[in-house]
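K.L.:
If it helps, the file is called target06.pdb and holds PDB, C-alpha atoms:
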ATOM      1  CA  MET V  23       0.000   0.000   0.000
ATOM      2  CA  GLU V  24       1.179   3.528  -0.813
ATOM      3  CA  ASN V  25       0.111   7.116  -0.209
ATOM      4  CA  LYS V  26      -2.159   8.322   2.547
ATOM      5  CA  LEU V  27      -4.983   9.664   0.400
ATOM      6  CA  ILE V  28      -4.693   7.093  -2.378
ATOM      7  CA  LEU V  29      -4.099   3.482  -1.317
ATOM      8  CA  SER V  30      -2.281   1.626  -4.085
ATOM      9  CA  GLU V  31      -1.949  -2.136  -4.511
ATOM     10  CA  THR V  32      -1.057  -4.422  -7.410
ATOM     11  CA  HIS V  33      -2.592  -7.778  -8.288
ATOM     12  CA  PHE V  34      -1.824 -10.621 -10.706
ATOM     13  CA  GLY V  35       1.892  -9.968 -10.816
ATOM     14  CA  GLY V  36       1.564  -6.260 -11.569
ATOM     15  CA  GLN V  37      -1.081  -6.648 -14.284
ATOM     16  CA  VAL V  38      -3.792  -4.902 -12.242
ATOM     17  CA  LEU V  39      -3.346  -1.680 -10.257
ATOM     18  CA  GLU V  40      -5.904  -0.989  -7.536
ATOM     19  CA  LEU V  41      -6.322   2.629  -6.403
ATOM     20  CA  ARG V  42      -8.547   3.415  -3.425
ATOM     21  CA  LEU V  43      -9.663   6.913  -2.475
ATOM     22  CA  ASN V  44      -8.849   7.147   1.220
ATOM     23  CA  ARG V  45     -10.269  10.127   3.058
ATOM     24  CA  PRO V  46     -12.926   9.103   5.623
ATOM     25  CA  LYS V  47     -15.782   9.375   5.714
ATOM     26  CA  ALA V  48     -16.709  10.513   2.243
ATOM     27  CA  ASN V  49     -13.483  10.507   0.175
ATOM     28  CA  ILE V  50     -13.781  14.162  -0.827
ATOM     29  CA  LEU V  51     -11.741  14.889  -3.960
ATOM     30  CA  ASP V  52      -9.855  17.978  -2.875
ATOM     31  CA  ALA V  53      -6.601  19.311  -4.335
ATOM     32  CA  ALA V  54      -4.431  17.014  -2.206
ATOM     33  CA  MET V  55      -6.315  13.865  -3.183
ATOM     34  CA  THR V  56      -6.362  14.987  -6.821
ATOM     35  CA  GLU V  57      -2.583  15.366  -6.795
ATOM     36  CA  ASP V  58      -2.110  11.948  -5.202
ATOM     37  CA  LEU V  59      -4.429  10.330  -7.746
ATOM     38  CA  LEU V  60      -2.591  12.054 -10.586
ATOM     39  CA  SER V  61       0.726  10.876  -9.160
ATOM     40  CA  ALA V  62      -0.515   7.290  -8.997
ATOM     41  CA  LEU V  63      -1.767   7.445 -12.592
ATOM     42  CA  ASP V  64       1.502   9.008 -13.726
ATOM     43  CA  GLN V  65       3.520   6.226 -12.117
ATOM     44  CA  ALA V  66       1.387   3.704 -14.012
ATOM     45  CA  ARG V  67       2.643   5.060 -17.355
ATOM     46  CA  ASN V  68       5.850   3.030 -17.123
ATOM     47  CA  GLN V  69       4.214  -0.211 -15.996
ATOM     48  CA  LYS V  70       4.292  -2.060 -19.309
ATOM     49  CA  ASP V  71       2.577  -5.189 -17.959
ATOM     50  CA  LEU V  72      -0.397  -3.199 -16.679
ATOM     51  CA  LYS V  73      -3.742  -4.287 -18.158
ATOM     52  CA  ALA V  74      -6.297  -2.589 -15.904
ATOM     53  CA  ILE V  75      -6.684   0.015 -13.168
ATOM     54  CA  LEU V  76      -9.375  -0.530 -10.541
ATOM     55  CA  ILE V  77     -10.641   2.624  -8.788
ATOM     56  CA  GLU V  78     -12.816   2.488  -5.680
ATOM     57  CA  GLY V  79     -13.435   4.242  -2.392
ATOM     58  CA  GLU V  80     -12.178   3.129   0.988
ATOM     59  CA  GLY V  81     -14.987   2.777   3.524
ATOM     60  CA  ASP V  82     -18.731   2.986   2.979
ATOM     61  CA  HIS V  83     -18.744   5.457   0.079
ATOM     62  CA  PHE V  84     -17.029   5.923  -3.259
ATOM     63  CA  SER V  85     -16.938   9.719  -2.972
ATOM     64  CA  PHE V  86     -19.178  12.648  -2.097
ATOM     65  CA  GLY V  87     -17.415  14.607  -4.860
ATOM     66  CA  ALA V  88     -15.077  17.554  -5.137
ATOM     67  CA  SER V  89     -14.398  19.916  -2.237
ATOM     68  CA  VAL V  90     -17.101  22.588  -1.973
ATOM     69  CA  GLU V  91     -14.661  24.929  -0.212
ATOM     70  CA  GLU V  92     -12.362  24.783  -3.234
ATOM     71  CA  HIS V  93     -15.216  25.897  -5.505
ATOM     72  CA  LEU V  94     -15.268  29.338  -3.867
ATOM     73  CA  PRO V  95     -13.944  32.520  -5.541
ATOM     74  CA  GLY V  96     -10.172  32.630  -5.552
ATOM     75  CA  LYS V  97      -9.910  28.839  -5.520
ATOM     76  CA  TYR V  98     -12.185  27.421  -8.200
ATOM     77  CA  GLN V  99      -9.889  27.887 -11.195
ATOM     78  CA  ALA V 100      -7.017  25.895  -9.715
ATOM     79  CA  MET V 101      -9.459  23.276  -8.448
ATOM     80  CA  ILE V 102     -11.232  22.787 -11.785
ATOM     81  CA  LEU V 103      -8.058  22.778 -13.882
ATOM     82  CA  GLY V 104      -6.346  20.348 -11.520
ATOM     83  CA  PHE V 105      -9.335  18.024 -11.362
ATOM     84  CA  HIS V 106      -9.612  17.897 -15.150
ATOM     85  CA  ARG V 107      -6.025  16.666 -15.345
ATOM     86  CA  ILE V 108      -7.295  13.355 -13.944
ATOM     87  CA  PHE V 109      -9.377  12.740 -17.056
ATOM     88  CA  ARG V 110      -6.619  13.819 -19.434
ATOM     89  CA  SER V 111      -4.327  11.394 -17.644
ATOM     90  CA  MET V 112      -6.851   8.568 -17.949
ATOM     91  CA  LEU V 113      -7.140   9.218 -21.686
ATOM     92  CA  GLU V 114      -3.390   9.558 -22.227
ATOM     93  CA  LEU V 115      -2.548   6.474 -20.178
ATOM     94  CA  GLY V 116      -4.622   4.198 -22.385
ATOM     95  CA  VAL V 117      -5.042   1.484 -19.738
ATOM     96  CA  PRO V 118      -8.693   0.439 -19.197
ATOM     97  CA  THR V 119     -10.080   1.729 -15.900
ATOM     98  CA  VAL V 120     -12.765  -0.009 -13.851
ATOM     99  CA  ALA V 121     -14.803   1.552 -11.035
ATOM    100  CA  ALA V 122     -16.175  -0.395  -8.056
ATOM    101  CA  VAL V 123     -18.856   1.746  -6.407
ATOM    102  CA  ARG V 124     -20.398   1.376  -2.963
ATOM    103  CA  GLY V 125     -22.551   3.905  -1.143
ATOM    104  CA  GLN V 126     -22.703   7.499  -2.334
ATOM    105  CA  CYS V 127     -21.027   8.393  -5.624
ATOM    106  CA  LEU V 128     -21.737  12.058  -6.241
ATOM    107  CA  GLY V 129     -20.508  15.060  -8.209
ATOM    108  CA  GLY V 130     -16.840  14.767  -9.088
ATOM    109  CA  GLY V 131     -16.820  11.242  -7.671
ATOM    110  CA  LEU V 132     -19.424  10.160 -10.202
ATOM    111  CA  GLU V 133     -17.506  11.953 -12.953
ATOM    112  CA  VAL V 134     -14.460   9.798 -12.156
ATOM    113  CA  ALA V 135     -16.527   6.601 -12.025
ATOM    114  CA  MET V 136     -18.515   7.241 -15.216
ATOM    115  CA  PHE V 137     -15.319   7.999 -17.146
ATOM    116  CA  CYS V 138     -14.082   4.471 -16.467
ATOM    117  CA  THR V 139     -14.343   1.664 -19.011
ATOM    118  CA  ARG V 140     -16.680  -0.363 -16.785
ATOM    119  CA  VAL V 141     -18.658   0.509 -13.645
ATOM    120  CA  PHE V 142     -19.590  -2.121 -11.050
ATOM    121  CA  ALA V 143     -21.918  -1.037  -8.232
ATOM    122  CA  SER V 144     -23.425  -2.434  -5.056
ATOM    123  CA  PRO V 145     -27.256  -2.654  -4.860
ATOM    124  CA  SER V 146     -27.300   0.214  -2.338
ATOM    125  CA  ALA V 147     -25.144   2.577  -4.405
ATOM    126  CA  LYS V 148     -26.510   6.084  -5.028
ATOM    127  CA  MET V 149     -25.302   8.218  -7.910
ATOM    128  CA  GLY V 150     -25.965  11.807  -8.830
ATOM    129  CA  GLN V 151     -24.730  15.163 -10.103
ATOM    130  CA  PRO V 152     -26.059  17.538  -7.423
ATOM    131  CA  GLU V 153     -24.079  20.594  -8.543
ATOM    132  CA  ILE V 154     -27.219  22.439  -9.709
ATOM    133  CA  ASN V 155     -28.378  22.502  -6.059
ATOM    134  CA  LEU V 156     -25.377  24.737  -5.352
ATOM    135  CA  ALA V 157     -25.962  26.833  -8.500
ATOM    136  CA  VAL V 158     -22.869  25.457 -10.239
ATOM    137  CA  LEU V 159     -22.424  22.895 -13.019
ATOM    138  CA  PRO V 160     -20.529  19.600 -13.519
ATOM    139  CA  PRO V 161     -18.038  20.140 -16.373
ATOM    140  CA  ILE V 162     -17.072  16.502 -16.997
ATOM    141  CA  ALA V 163     -20.649  15.246 -16.703
ATOM    142  CA  SER V 164     -21.766  18.028 -19.057
ATOM    143  CA  PHE V 165     -19.296  16.647 -21.566
ATOM    144  CA  PHE V 166     -19.473  12.894 -20.964
ATOM    145  CA  LEU V 167     -22.643  11.782 -19.144
ATOM    146  CA  ALA V 168     -24.665  11.677 -22.383
ATOM    147  CA  GLU V 169     -22.066   9.257 -23.751
ATOM    148  CA  ARG V 170     -23.235   6.733 -21.177
ATOM    149  CA  VAL V 171     -26.926   7.422 -20.636
ATOM    150  CA  GLY V 172     -28.063   9.408 -23.697
ATOM    151  CA  ARG V 173     -28.698  13.123 -23.881
ATOM    152  CA  PRO V 174     -32.263  13.277 -22.464
ATOM    153  CA  THR V 175     -31.281  11.372 -19.317
ATOM    154  CA  ALA V 176     -28.029  13.308 -18.938
ATOM    155  CA  GLU V 177     -29.896  16.603 -19.183
ATOM    156  CA  GLU V 178     -32.547  15.481 -16.700
ATOM    157  CA  LEU V 179     -30.009  14.297 -14.128
ATOM    158  CA  CYS V 180     -27.804  17.399 -14.358
ATOM    159  CA  LEU V 181     -30.696  19.874 -14.393
ATOM    160  CA  SER V 182     -32.641  18.213 -11.557
ATOM    161  CA  GLY V 183     -29.646  17.284  -9.414
ATOM    162  CA  ARG V 184     -31.405  14.124  -8.270
ATOM    163  CA  SER V 185     -29.599  10.938  -7.283
ATOM    164  CA  ILE V 186     -30.549   7.528  -8.659
ATOM    165  CA  GLY V 187     -30.147   4.052  -7.236
ATOM    166  CA  ALA V 188     -28.110   1.239  -8.701
ATOM    167  CA  GLU V 189     -31.028  -0.405 -10.505
ATOM    168  CA  GLU V 190     -32.009   2.767 -12.360
ATOM    169  CA  ALA V 191     -28.353   3.479 -13.072
ATOM    170  CA  LEU V 192     -28.046  -0.010 -14.592
ATOM    171  CA  GLN V 193     -31.165   0.473 -16.720
ATOM    172  CA  ARG V 194     -29.893   3.811 -18.007
ATOM    173  CA  GLY V 195     -26.347   2.614 -18.749
ATOM    174  CA  LEU V 196     -24.541   4.509 -16.012
ATOM    175  CA  VAL V 197     -23.678   1.193 -14.331
ATOM    176  CA  ASP V 198     -22.625  -1.965 -16.178
ATOM    177  CA  HIS V 199     -23.129  -4.562 -13.438
ATOM    178  CA  ILE V 200     -24.641  -4.771  -9.929
ATOM    179  CA  SER V 201     -23.094  -7.030  -7.310
ATOM    180  CA  ASP V 202     -23.164  -7.366  -3.528
ATOM    181  CA  ASP V 203     -19.354  -7.262  -3.835
ATOM    182  CA  PRO V 204     -18.516  -4.827  -6.659
ATOM    183  CA  HIS V 205     -14.797  -5.133  -5.937
ATOM    184  CA  LEU V 206     -14.858  -8.896  -6.494
ATOM    185  CA  ALA V 207     -17.124  -8.517  -9.535
ATOM    186  CA  ALA V 208     -14.718  -5.987 -11.038
ATOM    187  CA  ILE V 209     -11.680  -8.181 -10.388
ATOM    188  CA  THR V 210     -13.490 -11.199 -11.856
ATOM    189  CA  TRP V 211     -14.351  -9.258 -15.016
ATOM    190  CA  ILE V 212     -10.800  -7.993 -15.376
ATOM    191  CA  GLU V 213      -9.412 -11.494 -14.894
ATOM    192  CA  GLY V 214     -11.694 -13.000 -17.534
ATOM    193  CA  ALA V 215     -11.918 -10.177 -20.069
ATOM    194  CA  LEU V 216      -8.510  -8.485 -19.984
ATOM    195  CA  LEU V 217      -5.786 -10.612 -18.416
ATOM    196  CA  PRO V 218      -5.687 -13.238 -21.206
ATOM    197  CA  HIS V 219      -4.631 -10.547 -23.698
ATOM    198  CA  SER V 220      -1.447  -8.625 -24.485
ATOM    199  CA  ALA V 221      -1.005  -5.509 -22.366
ATOM    200  CA  ALA V 222       0.366  -3.678 -25.419
ATOM    201  CA  ALA V 223      -2.646  -4.672 -27.518
ATOM    202  CA  ILE V 224      -5.086  -3.687 -24.772
ATOM    203  CA  ARG V 225      -3.500  -0.260 -24.427
ATOM    204  CA  GLN V 226      -3.427   0.458 -28.164
ATOM    205  CA  THR V 227      -6.994  -0.812 -28.632
ATOM    206  CA  ASN V 228      -8.169   1.412 -25.798
ATOM    207  CA  PHE V 229      -6.346   4.360 -27.371
ATOM    208  CA  ALA V 230      -8.149   3.654 -30.647
ATOM    209  CA  LEU V 231     -11.536   3.288 -28.965
ATOM    210  CA  ARG V 232     -11.132   6.616 -27.160
ATOM    211  CA  MET V 233      -9.199   8.577 -29.783
ATOM    212  CA  GLU V 234     -12.233  10.527 -30.983
ATOM    213  CA  LEU V 235     -13.302  11.050 -27.356
ATOM    214  CA  GLN V 236      -9.875  12.471 -26.515
ATOM    215  CA  GLU V 237     -10.063  14.847 -29.472
ATOM    216  CA  ARG V 238     -13.519  16.055 -28.399
ATOM    217  CA  PHE V 239     -12.312  16.405 -24.819
ATOM    218  CA  GLU V 240      -9.538  18.786 -25.862
ATOM    219  CA  ARG V 241     -11.944  20.849 -27.961
ATOM    220  CA  THR V 242     -14.854  20.980 -25.528
ATOM    221  CA  ILE V 243     -13.522  20.965 -21.963
ATOM    222  CA  PRO V 244     -11.606  24.287 -22.358
ATOM    223  CA  ARG V 245     -14.831  25.894 -23.596
ATOM    224  CA  ILE V 246     -16.758  24.532 -20.601
ATOM    225  CA  GLU V 247     -13.994  25.778 -18.305
ATOM    226  CA  GLU V 248     -14.278  29.224 -19.879
ATOM    227  CA  LEU V 249     -18.048  29.191 -19.354
ATOM    228  CA  TYR V 250     -17.541  28.132 -15.740
ATOM    229  CA  PHE V 251     -14.893  30.771 -14.981
ATOM    230  CA  ASP V 252     -16.137  33.749 -16.988
ATOM    231  CA  GLU V 253     -19.904  33.331 -16.786
ATOM    232  CA  LEU V 254     -21.138  30.963 -14.080
ATOM    233  CA  MET V 255     -18.788  32.037 -11.294
ATOM    234  CA  GLN V 256     -19.544  35.689 -11.977
ATOM    235  CA  THR V 257     -23.167  35.168 -10.934
ATOM    236  CA  ASN V 258     -24.444  36.018  -7.470
ATOM    237  CA  ASP V 259     -26.219  32.681  -7.189
ATOM    238  CA  ALA V 260     -23.106  30.546  -7.645
ATOM    239  CA  VAL V 261     -21.449  32.199  -4.659
ATOM    240  CA  GLU V 262     -24.718  32.078  -2.693
ATOM    241  CA  GLY V 263     -25.234  28.386  -3.448
ATOM    242  CA  LEU V 264     -21.750  27.413  -2.313
ATOM    243  CA  THR V 265     -21.792  29.671   0.727
ATOM    244  CA  SER V 266     -25.236  28.561   1.895
ATOM    245  CA  PHE V 267     -24.164  24.916   1.635
ATOM    246  CA  LEU V 268     -21.094  25.537   3.787
ATOM    247  CA  GLU V 269     -23.155  27.573   6.265
ATOM    248  CA  LYS V 270     -25.840  24.845   6.318
ATOM    249  CA  ARG V 271     -28.699  27.174   5.476
ATOM    250  CA  GLU V 272     -31.254  27.491   2.701
ATOM    251  CA  ALA V 273     -30.029  29.365  -0.345
ATOM    252  CA  LYS V 274     -31.655  32.667  -1.295
ATOM    253  CA  TRP V 275     -31.561  32.889  -5.088
ATOM    254  CA  SER V 276     -31.454  36.241  -6.848
ATOM    255  CA  ASN V 277     -31.561  34.516 -10.264
ATOM    256  CA  ARG V 278     -28.537  36.588 -11.258
TER     257      ARG V 278
END
Could I get this file's structure written as structure tokens?
P.N.:
Amino acid sequence: MENKLILSETHFGGQVLELRLNRPKANILDAAMTEDLLSALDQARNQKDLKAILIEGEGDHFSFGASVEEHLPGKYQAMILGFHRIFRSMLELGVPTVAAVRGQCLGGGLEVAMFCTRVFASPSAKMGQPEINLAVLPPIASFFLAERVGRPTAEELCLSGRSIGAEEALQRGLVDHISDDPHLAAITWIEGALLPHSAAAIRQTNFALRMELQERFERTIPRIEELYFDELMQTNDAVEGLTSFLEKREAKWSNR
């Protein structure tokens, strides 16, 4: 095991890398955890035998999402740009990623999970993009959620902010498999589907499968970041939504 915020372990003679978000109780993805996750992904670049990366949360929950405090004025740009490096790294690395989800998987946590090649969830898992409740938006979900669930469902989930259970997530394509032990189910799938094949072939095939996605990512994400920085975070309601959440009070919207 390595790192305090990201627990790292290898399986099958270095063919599978397991990364566990490790910040009780909710595995909040703040700047420190983001840097540790990026470091772990960067170290994986030179592991030529690597065929899969398993990402999950330590404890009862996958993740409650990104740090709300780091969304505030003066902090949000560094937070957003740093967080988006995770997804660039996943695309550049080329190794298939698999998420094992238990408990709450919200906001930035769900963005990490949905971006994976396969998502395994426990029956009690809850998933959602609640950013709209704080008068902000989810950049990665805005870009990628429709890829998994279709545009109407993606729009409904992001605009309503509601969470869905594992069964609905499976029906809509957000989850690929439900198991009482999503970790074991993920490992079993990796062992049967990926380990028999060449690591080099897996990586190049995954590059090919996601090449167009990577090109769209580099075109679209900077535009969403610009919208977030120059438009959304200049509104009164974005600051009010974040502040009211931290102060544990009802937001008072000005609609501006």
K.L.:
How close does each residue of region 149-259 of chain V get to region 71-83 of chain V, giving the shortest atom pair and distance in Å to one decimal for every residue with an atom at most 7 Å away, counting only C-alpha atoms, sorted by chain and residue number, as a Markdown table?
P.N.:
| residue | atom | partner | partner_atom | distance |
| --- | --- | --- | --- | --- |
| V:Leu216 | CA | V:Lys73 | CA | 6.6 |
| V:Leu217 | CA | V:Lys73 | CA | 6.7 |
| V:Ala221 | CA | V:Lys73 | CA | 5.2 |
| V:Ile224 | CA | V:Lys73 | CA | 6.8 |
K.L.:
Tell me which of V:Ala66, V:Ala48, V:Ala157, V:Ile246 sits closest to Gly131 (chain V), counting only C-alpha atoms.
P.N.:
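Once distances to Gly131 (chain V) are computed over only C-alpha atoms, the minimum belongs to V:Ala48.
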K.L.:
Neighbouring residues of region 116-128 of chain V were defined as those with any atom within 6 Å, considering only C-alpha atoms; residues of the same chain fewer than 5 positions away were excluded. Please report them as a ChimeraX atom specification.
P.N.:
/V:74-78,82-87,135,138-144,147-151,204-205,225,228-229
K.L.:
May I have the protein, DNA and RNA residues with an atom at most 12 Å from (0.2, 6.4, 1.3), counting all atoms listed in the file in the file's coordinates, returned as a VMD selection string?
P.N.:
chain V and resid 23 to 31 41 to 45 55 58 to 59 61 to 62
K.L.:
Keeping only C-alpha atoms, write the selected residues as a tab-separated table (two decimals), in the coordinates of the input.
P.N.:
chain	number	residue	atom	x	y	z
V	23	MET	CA	0.00	0.00	0.00
V	24	GLU	CA	1.18	3.53	-0.81
V	25	ASN	CA	0.11	7.12	-0.21
V	26	LYS	CA	-2.16	8.32	2.55
V	27	LEU	CA	-4.98	9.66	0.40
V	28	ILE	CA	-4.69	7.09	-2.38
V	29	LEU	CA	-4.10	3.48	-1.32
V	30	SER	CA	-2.28	1.63	-4.08
V	31	GLU	CA	-1.95	-2.14	-4.51
V	41	LEU	CA	-6.32	2.63	-6.40
V	42	ARG	CA	-8.55	3.42	-3.42
V	43	LEU	CA	-9.66	6.91	-2.48
V	44	ASN	CA	-8.85	7.15	1.22
V	45	ARG	CA	-10.27	10.13	3.06
V	55	MET	CA	-6.32	13.86	-3.18
V	58	ASP	CA	-2.11	11.95	-5.20
V	59	LEU	CA	-4.43	10.33	-7.75
V	61	SER	CA	0.73	10.88	-9.16
V	62	ALA	CA	-0.52	7.29	-9.00
K.L.:
Kindly give the distance, in Å, that separates CA of Ala223 (chain V) and CA of Ile209 (chain V), rounded to a single decimal.
P.N.:
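Answer for the CA of Ala223 (chain V) to CA of Ile209 (chain V) separation: 19.7 Å.
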K.L.:
What would region 156-180 of chain V look like with N, CA and C atoms restored, written as a short mmCIF file (atom, residue, chain, number, x, y, z; two decimals), keeping the file's coordinate frame?
P.N.:
data_model
loop_
_atom_site.label_atom_id
_atom_site.label_comp_id
_atom_site.auth_asym_id
_atom_site.auth_seq_id
_atom_site.Cartn_x
_atom_site.Cartn_y
_atom_site.Cartn_z
N LEU V 156 -26.27 23.70 -5.85
CA LEU V 156 -25.38 24.74 -5.35
C LEU V 156 -25.19 25.86 -6.37
N ALA V 157 -26.00 25.83 -7.44
CA ALA V 157 -25.96 26.83 -8.50
C ALA V 157 -24.65 26.81 -9.28
N VAL V 158 -24.03 25.63 -9.37
CA VAL V 158 -22.87 25.46 -10.24
C VAL V 158 -23.16 24.29 -11.19
N LEU V 159 -22.19 23.94 -12.03
CA LEU V 159 -22.42 22.90 -13.02
C LEU V 159 -21.30 21.86 -12.98
N PRO V 160 -21.56 20.64 -13.48
CA PRO V 160 -20.53 19.60 -13.52
C PRO V 160 -19.86 19.54 -14.89
N PRO V 161 -18.66 20.06 -15.04
CA PRO V 161 -18.04 20.14 -16.37
C PRO V 161 -17.87 18.79 -17.06
N ILE V 162 -17.32 17.79 -16.35
CA ILE V 162 -17.07 16.50 -17.00
C ILE V 162 -18.38 15.81 -17.32
N ALA V 163 -19.34 15.85 -16.42
CA ALA V 163 -20.65 15.25 -16.70
C ALA V 163 -21.34 15.96 -17.86
N SER V 164 -21.18 17.28 -17.94
CA SER V 164 -21.77 18.03 -19.06
C SER V 164 -21.21 17.54 -20.39
N PHE V 165 -19.96 17.15 -20.36
CA PHE V 165 -19.30 16.65 -21.57
C PHE V 165 -19.58 15.17 -21.82
N PHE V 166 -19.56 14.34 -20.77
CA PHE V 166 -19.47 12.89 -20.96
C PHE V 166 -20.70 12.09 -20.54
N LEU V 167 -21.55 12.59 -19.66
CA LEU V 167 -22.64 11.78 -19.14
C LEU V 167 -23.55 11.27 -20.25
N ALA V 168 -23.81 12.11 -21.27
CA ALA V 168 -24.66 11.68 -22.38
C ALA V 168 -24.06 10.50 -23.14
N GLU V 169 -22.74 10.38 -23.10
CA GLU V 169 -22.07 9.26 -23.75
C GLU V 169 -22.52 7.93 -23.15
N ARG V 170 -22.81 7.95 -21.87
CA ARG V 170 -23.24 6.73 -21.18
C ARG V 170 -24.74 6.55 -21.16
N VAL V 171 -25.49 7.59 -20.90
CA VAL V 171 -26.93 7.42 -20.64
C VAL V 171 -27.82 8.04 -21.70
N GLY V 172 -27.26 8.71 -22.70
CA GLY V 172 -28.06 9.41 -23.70
C GLY V 172 -28.35 10.83 -23.25
N ARG V 173 -28.57 11.71 -24.21
CA ARG V 173 -28.70 13.12 -23.88
C ARG V 173 -29.92 13.45 -23.02
N PRO V 174 -31.11 12.91 -23.31
CA PRO V 174 -32.26 13.28 -22.46
C PRO V 174 -32.05 12.94 -20.99
N THR V 175 -31.52 11.75 -20.71
CA THR V 175 -31.28 11.37 -19.32
C THR V 175 -30.18 12.21 -18.70
N ALA V 176 -29.11 12.48 -19.45
CA ALA V 176 -28.03 13.31 -18.94
C ALA V 176 -28.54 14.70 -18.58
N GLU V 177 -29.36 15.27 -19.45
CA GLU V 177 -29.90 16.60 -19.18
C GLU V 177 -30.81 16.59 -17.96
N GLU V 178 -31.64 15.55 -17.84
CA GLU V 178 -32.55 15.48 -16.70
C GLU V 178 -31.78 15.35 -15.39
N LEU V 179 -30.77 14.50 -15.36
CA LEU V 179 -30.01 14.30 -14.13
C LEU V 179 -29.23 15.55 -13.72
N CYS V 180 -28.60 16.21 -14.68
CA CYS V 180 -27.80 17.40 -14.36
C CYS V 180 -28.68 18.59 -14.01
#
